[in-house]
Each structure stands twice: as structure tokens, then as C-alpha cells.
>>> print(open('run-v2.txt').read())   # compact mmCIF, C-alpha atoms
# COMPACT_ATOMS: atom_id res chain seq x y z
CA MET A 1 -10.52 24.82 -38.00
CA SER A 2 -12.90 24.86 -35.03
CA GLU A 3 -11.69 24.73 -31.45
CA LEU A 4 -13.08 21.19 -31.12
CA GLU A 5 -11.33 19.99 -34.28
CA ASP A 6 -8.07 21.58 -33.13
CA GLN A 7 -8.33 19.83 -29.75
CA ARG A 8 -9.12 16.52 -31.46
CA ARG A 9 -6.00 16.89 -33.63
CA LYS A 10 -3.84 17.59 -30.56
CA THR A 11 -5.34 14.61 -28.74
CA LEU A 12 -4.72 12.31 -31.69
CA GLU A 13 -1.08 13.41 -31.85
CA ALA A 14 -0.71 12.87 -28.12
CA GLY A 15 -2.34 9.45 -28.49
CA LYS A 16 0.10 8.53 -31.24
CA THR A 17 2.99 9.59 -29.01
CA LEU A 18 1.53 7.51 -26.17
CA LEU A 19 1.22 4.36 -28.29
CA LEU A 20 4.76 4.70 -29.62
CA ALA A 21 6.06 5.25 -26.08
CA LYS A 22 4.12 2.24 -24.75
CA SER A 23 5.57 0.07 -27.52
CA ALA A 24 9.10 1.27 -26.76
CA PHE A 25 8.58 0.68 -23.03
CA ALA A 26 7.19 -2.82 -23.60
CA ARG A 27 10.18 -3.71 -25.77
CA GLU A 28 12.69 -2.50 -23.17
CA MET A 29 10.76 -4.13 -20.31
CA ILE A 30 10.90 -7.47 -22.14
CA HIS A 31 14.68 -7.12 -22.45
CA LEU A 32 14.97 -6.15 -18.78
CA TRP A 33 12.80 -9.08 -17.72
CA HIS A 34 14.93 -11.56 -19.64
CA MET A 35 18.00 -10.19 -17.82
CA THR A 36 16.38 -10.22 -14.36
CA PRO A 37 17.62 -13.19 -12.31
CA ALA A 38 15.27 -15.37 -10.32
CA CYS A 39 15.76 -15.35 -6.58
CA ASP A 40 17.18 -18.42 -4.86
CA ASP A 41 14.88 -21.17 -3.62
CA ASP A 42 15.11 -20.13 0.04
CA THR A 43 13.91 -16.62 -0.79
CA GLY A 44 11.39 -17.95 -3.29
CA PHE A 45 9.70 -20.31 -0.85
CA ARG A 46 9.73 -17.64 1.88
CA LEU A 47 7.99 -15.11 -0.35
CA LEU A 48 5.67 -17.80 -1.72
CA GLU A 49 4.25 -18.31 1.76
CA LEU A 50 3.74 -14.55 2.16
CA PHE A 51 2.04 -14.38 -1.22
CA ARG A 52 -0.22 -17.30 -0.30
CA LYS A 53 -1.37 -15.36 2.78
CA GLU A 54 -2.29 -12.39 0.58
CA VAL A 55 -4.12 -14.72 -1.83
CA GLN A 56 -6.02 -16.15 1.14
CA THR A 57 -7.05 -12.63 2.12
CA TYR A 58 -7.97 -11.19 -1.26
CA VAL A 59 -9.31 -14.26 -3.06
CA PHE A 60 -11.00 -16.21 -0.27
CA ASP A 61 -11.60 -13.91 2.73
CA TYR A 62 -12.71 -10.95 0.60
CA LYS A 63 -14.38 -13.30 -1.92
CA ARG A 64 -12.89 -11.57 -4.96
CA LYS A 65 -12.15 -14.80 -6.83
CA ALA A 66 -9.09 -15.11 -9.06
CA ASP A 67 -9.87 -11.90 -10.93
CA PRO A 68 -9.25 -9.39 -9.46
CA GLY A 69 -8.20 -11.13 -6.24
CA LEU A 70 -4.81 -12.35 -7.49
CA LYS A 71 -3.91 -8.92 -8.88
CA HIS A 72 -4.85 -7.36 -5.56
CA ALA A 73 -2.73 -9.91 -3.69
CA ALA A 74 0.28 -9.27 -5.93
CA ASN A 75 -0.29 -5.51 -5.65
CA GLU A 76 -0.27 -5.79 -1.85
CA MET A 77 3.12 -7.51 -1.93
CA TYR A 78 4.56 -4.52 -3.80
CA ARG A 79 2.58 -1.93 -1.81
CA LEU A 80 4.10 -3.17 1.44
CA ILE A 81 7.55 -2.45 0.01
CA ALA A 82 6.52 1.08 -0.97
CA VAL A 83 5.26 1.91 2.54
CA GLY A 84 8.22 0.28 4.29
CA GLN A 85 6.25 -2.58 5.86
CA ALA A 86 7.79 -5.51 3.96
CA ASP A 87 10.63 -7.69 5.23
CA TYR A 88 11.85 -8.14 1.66
CA THR A 89 13.21 -5.75 -0.95
CA ALA A 90 11.86 -4.70 -4.34
CA GLN A 91 14.73 -6.58 -5.95
CA GLU A 92 13.81 -9.74 -4.04
CA MET A 93 10.16 -9.33 -5.05
CA ASP A 94 11.05 -8.97 -8.72
CA GLY A 95 13.28 -12.02 -8.35
CA PHE A 96 10.37 -13.88 -6.78
CA VAL A 97 8.13 -13.12 -9.76
CA LYS A 98 10.81 -14.51 -12.07
CA TRP A 99 11.31 -17.48 -9.73
CA TYR A 100 7.57 -18.23 -9.81
CA GLU A 101 7.67 -18.28 -13.61
CA ASP A 102 10.65 -20.64 -13.57
CA LEU A 103 9.01 -22.80 -10.90
CA THR A 104 5.88 -23.40 -12.98
CA ASN A 105 8.10 -24.62 -15.82
CA ARG A 106 10.03 -26.92 -13.48
CA ILE A 107 6.78 -28.35 -12.13
CA ALA A 108 5.40 -28.89 -15.64
CA HIS A 109 8.54 -30.75 -16.66
CA ALA A 110 8.50 -32.90 -13.51
CA VAL A 111 4.84 -34.00 -13.54
CA SER A 112 4.22 -34.14 -17.29
CA GLY A 113 4.71 -37.89 -17.36
CA LEU A 114 1.57 -38.37 -15.25
CA PHE A 115 -0.68 -36.71 -17.83
CA ASP A 116 -1.86 -38.05 -21.18
CA PHE A 117 -2.67 -34.59 -22.56
CA TYR A 118 -0.78 -31.33 -22.15
CA GLY A 119 -3.43 -28.76 -23.07
CA ASP A 120 -4.61 -25.54 -21.47
CA SER A 121 -5.88 -27.35 -18.39
CA PHE A 122 -2.39 -28.73 -17.74
CA SER A 123 -0.84 -25.28 -18.14
CA ASP A 124 -3.47 -23.79 -15.82
CA LEU A 125 -2.70 -26.43 -13.20
CA CYS A 126 1.05 -25.83 -13.32
CA ASP A 127 0.47 -22.06 -13.15
CA SER A 128 -1.44 -22.47 -9.88
CA LEU A 129 0.31 -25.43 -8.23
CA PRO A 130 2.93 -23.32 -6.40
CA LEU A 131 0.05 -21.81 -4.41
CA ALA A 132 -0.55 -25.24 -2.88
CA GLY A 133 2.49 -24.59 -0.72
CA THR A 134 6.04 -25.74 -0.23
CA VAL A 135 5.28 -29.37 0.63
CA VAL A 136 3.24 -29.98 -2.51
CA VAL A 137 5.70 -28.08 -4.70
CA LYS A 138 8.65 -30.14 -3.52
CA LYS A 139 6.72 -33.35 -4.07
CA CYS A 140 5.88 -32.19 -7.60
CA LEU A 141 9.55 -31.47 -8.29
CA ALA A 142 10.51 -34.93 -7.03
CA THR A 143 8.08 -36.61 -9.45
CA GLY A 144 9.63 -38.43 -12.37
CA GLU A 145 13.04 -38.85 -10.75
CA LYS A 146 13.74 -42.57 -10.81
CA SER A 147 16.03 -42.38 -7.79
CA ASN A 148 13.52 -40.33 -5.78
CA ARG A 149 10.53 -42.07 -4.15
CA ASP A 150 9.05 -38.85 -2.72
CA GLY A 151 7.17 -37.75 -5.86
CA PHE A 152 3.68 -38.44 -7.16
CA LEU A 153 2.91 -41.70 -8.92
CA GLU A 154 -0.48 -40.80 -10.42
CA GLU A 155 -2.21 -37.64 -11.63
CA SER A 156 -5.04 -37.99 -9.08
CA GLU A 157 -2.56 -37.88 -6.20
CA ILE A 158 -1.79 -34.24 -6.94
CA LYS A 159 -5.26 -32.89 -6.14
CA ASP A 160 -5.48 -35.13 -3.09
CA ALA A 161 -2.20 -33.69 -1.83
CA VAL A 162 -3.33 -30.09 -2.45
CA VAL A 163 -6.57 -30.69 -0.51
CA GLU A 164 -4.68 -32.38 2.32
CA ALA A 165 -2.12 -29.58 2.54
CA ALA A 166 -4.33 -26.54 2.03
CA GLY A 167 -7.99 -27.61 2.31
CA PRO A 168 -10.82 -28.19 -0.17
CA GLU A 169 -11.29 -24.51 -1.06
CA TRP A 170 -7.67 -24.21 -2.10
CA GLY A 171 -7.87 -27.60 -3.80
CA LYS A 172 -10.65 -26.43 -6.08
CA PHE A 173 -8.92 -23.11 -6.74
CA VAL A 174 -5.54 -24.64 -7.60
CA CYS A 175 -6.68 -27.71 -9.50
CA SER A 176 -9.81 -26.54 -11.32
CA GLY A 177 -9.36 -22.86 -12.13
CA GLU A 178 -7.94 -20.66 -14.87
CA ASN A 179 -6.20 -18.30 -12.47
CA TYR A 180 -3.34 -16.75 -14.46
CA VAL A 181 -1.18 -16.36 -11.36
CA GLU A 182 2.04 -15.72 -13.25
CA ARG A 183 0.35 -13.07 -15.41
CA SER A 184 -1.02 -11.29 -12.32
CA LEU A 185 2.40 -11.17 -10.70
CA GLU A 186 4.09 -9.86 -13.84
CA SER A 187 1.42 -7.21 -14.44
CA GLN A 188 1.88 -5.83 -10.93
CA MET A 189 5.65 -5.90 -11.31
CA ARG A 190 5.34 -3.67 -14.39
CA ARG A 191 2.75 -1.44 -12.70
CA TRP A 192 4.95 -0.81 -9.68
CA PHE A 193 8.00 -0.22 -11.86
CA LEU A 194 6.16 2.74 -13.38
CA SER A 195 4.56 3.79 -10.10
CA ASN A 196 7.94 3.98 -8.37
CA LEU A 197 9.35 5.85 -11.34
CA LEU A 198 6.52 8.37 -11.15
CA ARG A 199 7.28 9.09 -7.49
CA ASP A 200 11.04 9.39 -8.03
CA LYS A 201 11.79 13.12 -7.98
CA GLU A 202 15.34 12.44 -9.20
CA GLN A 203 13.90 11.21 -12.49
CA PHE A 204 11.76 14.36 -12.85
CA PRO A 205 13.91 17.04 -11.15
CA THR A 206 12.25 20.14 -12.59
CA SER A 207 8.79 21.50 -11.80
CA GLN A 208 8.08 21.51 -15.54
CA GLU A 209 8.76 17.76 -15.78
CA GLN A 210 6.74 17.05 -12.64
CA GLU A 211 3.81 18.96 -14.07
CA ALA A 212 4.18 17.15 -17.39
CA VAL A 213 3.86 13.71 -15.77
CA SER A 214 1.08 14.71 -13.37
CA TYR A 215 -1.53 13.19 -15.69
CA ALA A 216 0.42 9.98 -16.36
CA GLY A 217 -1.96 7.78 -14.36
CA HIS A 218 -5.14 9.69 -15.20
CA LEU A 219 -6.54 7.12 -17.65
CA ASP A 220 -5.31 3.98 -15.85
CA ASP A 221 -7.98 1.35 -15.09
>>> encode(input="run-v2.txt", output="C-alpha cells")
Amino acid sequence: MSELEDQRRKTLEAGKTLLLAKSAFAREMIHLWHMTPACDDDTGFRLLELFRKEVQTYVFDYKRKADPGLKHAANEMYRLIAVGQADYTAQEMDGFVKWYEDLTNRIAHAVSGLFDFYGDSFSDLCDSLPLAGTVVVKKCLATGEKSNRDGFLEESEIKDAVVEAAGPEWGKFVCSGENYVERSLESQMRRWFLSNLLRDKEQFPTSQEQEAVSYAGHLDD
């Protein structure tokens, strides 16, 4: 066997180990995520406003659009924790990501009666509507409650409210885009879980283990 063939065999075995490990990690992360509680509404709305500021910076000010702007905004929320510049904890941030997921479902349930068709465009709208801000979100949640007159009465009122609250640029972004906000938040949550693990010397106490994981992020995009 040539040296090249031998190295290819070793790389294939390492690749197989990697894929099995990634599958095992994904399975356990799914279980962990189902067990992770959402933060309370006070914390959720507080962190939502902070996240909106990062979206303003990375999507609009830096003109990075939804992809990769939203990932960069979510990454910044976690990075601030890592460097000790956040006024929230990692646990609160994880709870916020879960809260955002729950909030999109609550919004969808509340405003669904205003729409004749619940396709991808409806899902995309509900995924982005929290970024319109607290006022719009609370009006969405009040929609459909017979005893509550503070909600929306027609589908068109939603975009008008987003534009009024956040401006036309945000209105177009929230109401007309496929932004995958929830996916961006969850991807950065998983990324920082592993990043924090990689920096935790207690998890890799020996020099041999530290050397073994030194290439862990080498092939990351």
C-alpha cells in the first residue's frame, strides 16, 4: 500500500468517526433542546430588543441582508457573553432562542384567522414578525381574542403596523422576506455550545486531549 493510499484509508476512518459523532451529538442536542425551558416574557422582550439592534447593525447598516446578516447578529449576542460584555447570561440567551421559537408559534396561532392560506409565506411572516418589536408582537398576540379589541382585524393591518413601528426598510424585511430567523438563532446556539466546550479546559484536562481537539474547528465554514 502506498503512503497516499494509507493516508486516504486513515482519513476515511476518521471521517466515518466524525459522521457517527456528529449524528450522536445531533441526537443528544435535540433531546437537550426539548428539555430547555423558554425564558419568561420579560426576559424575552428585553433580549428581543437587543437582538433587533444587532439585526439593524448586521443586516441593514452593514448591508449583509438576511444571509449572513442574521447569523452574524445571533453570533454577536453569544460573543458578547463570551467576552463578558453582555448584561444577560448564556442560560438566558438559550432560553431566549427557545422563547423566540415558541413566540412564532403563538403569533401564528393568533393571526391565522386573518389569512386564507397558510403556506410558506405565512410561516416566513410569523418567523420574522417578532423582529417588528414589542408593540407589534403584543398586538399580534391579542388578535383573535373576542374579548380583546387591541388586535388586528385584517391581514393588511399587520404590514402597516410593522412599517409604522419600525420603518419601511424593516417592513419589507419582516413582511416580504424568507429570513429564517429562528434557524439562525438555533444554529448559533449550537455553534457556541461547541465553542464554549472547546475552550473549557476542565473538559480536556490533559495536554494529550487538548492536542487532540486542536483541529476540531479546522474545517468549519
>>> residues_around(input="run-v2.txt", residues="stretch 78-84 of chain A", least_positions_apart="5", cutoff="9 Å", atoms="only C-alpha atoms", output="short mmCIF file (atom, residue, chain, number, x, y, z; two decimals) with C-alpha atoms, in the coordinates of the input")
data_model
loop_
_atom_site.label_atom_id
_atom_site.label_comp_id
_atom_site.auth_asym_id
_atom_site.auth_seq_id
_atom_site.Cartn_x
_atom_site.Cartn_y
_atom_site.Cartn_z
CA THR A 89 13.21 -5.75 -0.95
CA ALA A 90 11.86 -4.70 -4.34
CA MET A 93 10.16 -9.33 -5.05
CA GLN A 188 1.88 -5.83 -10.93
CA MET A 189 5.65 -5.90 -11.31
CA TRP A 192 4.95 -0.81 -9.68
CA ASN A 196 7.94 3.98 -8.37
#
>>> closest_atom_pairs(input="run-v2.txt", of="stretch 91-178 of chain A", to="stretch 29-34 of chain A", cutoff="10 Å", atoms="only C-alpha atoms", output="JSON lines")
{"residue": "A:Asp94", "atom": "CA", "partner": "A:Trp33", "partner_atom": "CA", "distance": 9.2}
{"residue": "A:Gly95", "atom": "CA", "partner": "A:Trp33", "partner_atom": "CA", "distance": 9.8}
{"residue": "A:Lys98", "atom": "CA", "partner": "A:Trp33", "partner_atom": "CA", "distance": 8.1}
>>> write_last_selection(input="run-v2.txt", atoms="C-alpha atoms", output="PDB file, in the frame of the given file")
ATOM      1  CA  ASP A  94      11.050  -8.970  -8.720  1.00  0.00           C
ATOM      2  CA  GLY A  95      13.280 -12.020  -8.350  1.00  0.00           C
ATOM      3  CA  LYS A  98      10.810 -14.510 -12.070  1.00  0.00           C
TER       4      LYS A  98
END
>>> residues_around(input="run-v2.txt", residues="stretch 61-76 of chain A", least_positions_apart="5", cutoff="8 Å", atoms="only C-alpha atoms", output="PDB file with C-alpha atoms, in the frame of the given file")
ATOM      1  CA  PHE A  51       2.040 -14.380  -1.220  1.00  0.00           C
ATOM      2  CA  GLU A  54      -2.290 -12.390   0.580  1.00  0.00           C
ATOM      3  CA  VAL A  55      -4.120 -14.720  -1.830  1.00  0.00           C
ATOM      4  CA  GLN A  56      -6.020 -16.150   1.140  1.00  0.00           C
ATOM      5  CA  ASN A 179      -6.200 -18.300 -12.470  1.00  0.00           C
ATOM      6  CA  VAL A 181      -1.180 -16.360 -11.360  1.00  0.00           C
ATOM      7  CA  SER A 184      -1.020 -11.290 -12.320  1.00  0.00           C
ATOM      8  CA  LEU A 185       2.400 -11.170 -10.700  1.00  0.00           C
ATOM      9  CA  SER A 187       1.420  -7.210 -14.440  1.00  0.00           C
ATOM     10  CA  GLN A 188       1.880  -5.830 -10.930  1.00  0.00           C
TER      11      GLN A 188
END
>>> residues_around(input="run-v2.txt", residues="A:Val136", least_positions_apart="4", cutoff="10 Å", atoms="all atoms listed in the file", output="ChimeraX atom specification")
/A:129-132,140-142,151-152,158-159,161-162,164-166
>>> closest_residue(input="run-v2.txt", among="A:Gly144, A:Asp40, A:Leu153, A:Asp124", to="A:Val97", atoms="only C-alpha atoms")
A:Asp40
>>> closest_residue(input="run-v2.txt", among="A:Thr57, A:Ser195, A:Gln210, A:Ser128", to="A:Ser176", atoms="all atoms listed in the file")
A:Ser128
>>> atom_distance(input="run-v2.txt", atom1="atom CA of A:Val59", atom2="atom CA of A:Leu197")
28.7 Å
>>> closest_residue(input="run-v2.txt", among="A:Glu101, A:Leu50, A:Thr11, A:Glu5", to="A:Pro37", atoms="all atoms listed in the file")
A:Glu101
>>> atom_distance(input="run-v2.txt", atom1="atom CA of A:Glu209", atom2="atom CA of A:Leu194")
15.4 Å
>>> closest_residue(input="run-v2.txt", among="A:Pro168, A:Glu92, A:Pro205, A:Leu114", to="A:Ser156", atoms="only C-alpha atoms")
A:Leu114
>>> closest_residue(input="run-v2.txt", among="A:Ala24, A:Val137, A:Ala216, A:Met1", to="A:Leu48", atoms="all atoms listed in the file")
A:Val137
>>> build_atoms(input="run-v2.txt", residues="stretch 69-94 of chain A", atoms="N, CA and C atoms", output="compact mmCIF listing (two decimals), in the coordinates of the input")
# COMPACT_ATOMS: atom_id res chain seq x y z
N GLY A 69 -8.86 -10.82 -7.49
CA GLY A 69 -8.20 -11.13 -6.24
C GLY A 69 -6.70 -11.35 -6.33
N LEU A 70 -6.25 -12.09 -7.36
CA LEU A 70 -4.81 -12.35 -7.49
C LEU A 70 -4.03 -11.08 -7.77
N LYS A 71 -4.59 -10.20 -8.62
CA LYS A 71 -3.91 -8.92 -8.88
C LYS A 71 -3.81 -8.10 -7.61
N HIS A 72 -4.87 -8.12 -6.81
CA HIS A 72 -4.85 -7.36 -5.56
C HIS A 72 -3.83 -7.94 -4.58
N ALA A 73 -3.72 -9.27 -4.56
CA ALA A 73 -2.73 -9.91 -3.69
C ALA A 73 -1.31 -9.57 -4.12
N ALA A 74 -1.05 -9.62 -5.42
CA ALA A 74 0.28 -9.27 -5.93
C ALA A 74 0.56 -7.78 -5.70
N ASN A 75 -0.44 -6.94 -5.90
CA ASN A 75 -0.29 -5.51 -5.65
C ASN A 75 0.07 -5.25 -4.19
N GLU A 76 -0.55 -5.98 -3.27
CA GLU A 76 -0.27 -5.79 -1.85
C GLU A 76 1.17 -6.14 -1.52
N MET A 77 1.72 -7.16 -2.15
CA MET A 77 3.12 -7.51 -1.93
C MET A 77 4.04 -6.35 -2.29
N TYR A 78 3.74 -5.67 -3.39
CA TYR A 78 4.56 -4.52 -3.80
C TYR A 78 4.23 -3.28 -2.97
N ARG A 79 2.97 -3.10 -2.60
CA ARG A 79 2.58 -1.93 -1.81
C ARG A 79 3.29 -1.91 -0.46
N LEU A 80 3.43 -3.08 0.14
CA LEU A 80 4.10 -3.17 1.44
C LEU A 80 5.55 -2.70 1.35
N ILE A 81 6.18 -2.95 0.21
CA ILE A 81 7.55 -2.45 0.01
C ILE A 81 7.54 -0.92 -0.04
N ALA A 82 6.58 -0.37 -0.78
CA ALA A 82 6.52 1.08 -0.97
C ALA A 82 6.30 1.83 0.34
N VAL A 83 5.56 1.23 1.28
CA VAL A 83 5.26 1.91 2.54
C VAL A 83 6.20 1.46 3.66
N GLY A 84 7.22 0.68 3.31
CA GLY A 84 8.22 0.28 4.29
C GLY A 84 7.76 -0.75 5.30
N GLN A 85 6.78 -1.58 4.94
CA GLN A 85 6.25 -2.58 5.86
C GLN A 85 6.59 -4.01 5.45
N ALA A 86 7.42 -4.17 4.43
CA ALA A 86 7.79 -5.51 3.96
C ALA A 86 9.15 -5.90 4.53
N ASP A 87 9.32 -7.20 4.79
CA ASP A 87 10.63 -7.69 5.23
C ASP A 87 11.41 -8.28 4.07
N TYR A 88 11.13 -7.75 2.87
CA TYR A 88 11.85 -8.14 1.66
C TYR A 88 12.00 -6.89 0.81
N THR A 89 12.93 -6.92 -0.12
CA THR A 89 13.21 -5.75 -0.95
C THR A 89 12.48 -5.84 -2.28
N ALA A 90 12.45 -4.71 -3.00
CA ALA A 90 11.86 -4.70 -4.34
C ALA A 90 12.61 -5.64 -5.27
N GLN A 91 13.93 -5.69 -5.12
CA GLN A 91 14.73 -6.58 -5.95
C GLN A 91 14.39 -8.05 -5.66
N GLU A 92 14.19 -8.37 -4.39
CA GLU A 92 13.81 -9.74 -4.04
C GLU A 92 12.42 -10.07 -4.58
N MET A 93 11.52 -9.10 -4.55
CA MET A 93 10.16 -9.33 -5.05
C MET A 93 10.17 -9.56 -6.55
N ASP A 94 10.93 -8.74 -7.28
CA ASP A 94 11.05 -8.97 -8.72
C ASP A 94 11.66 -10.34 -9.00
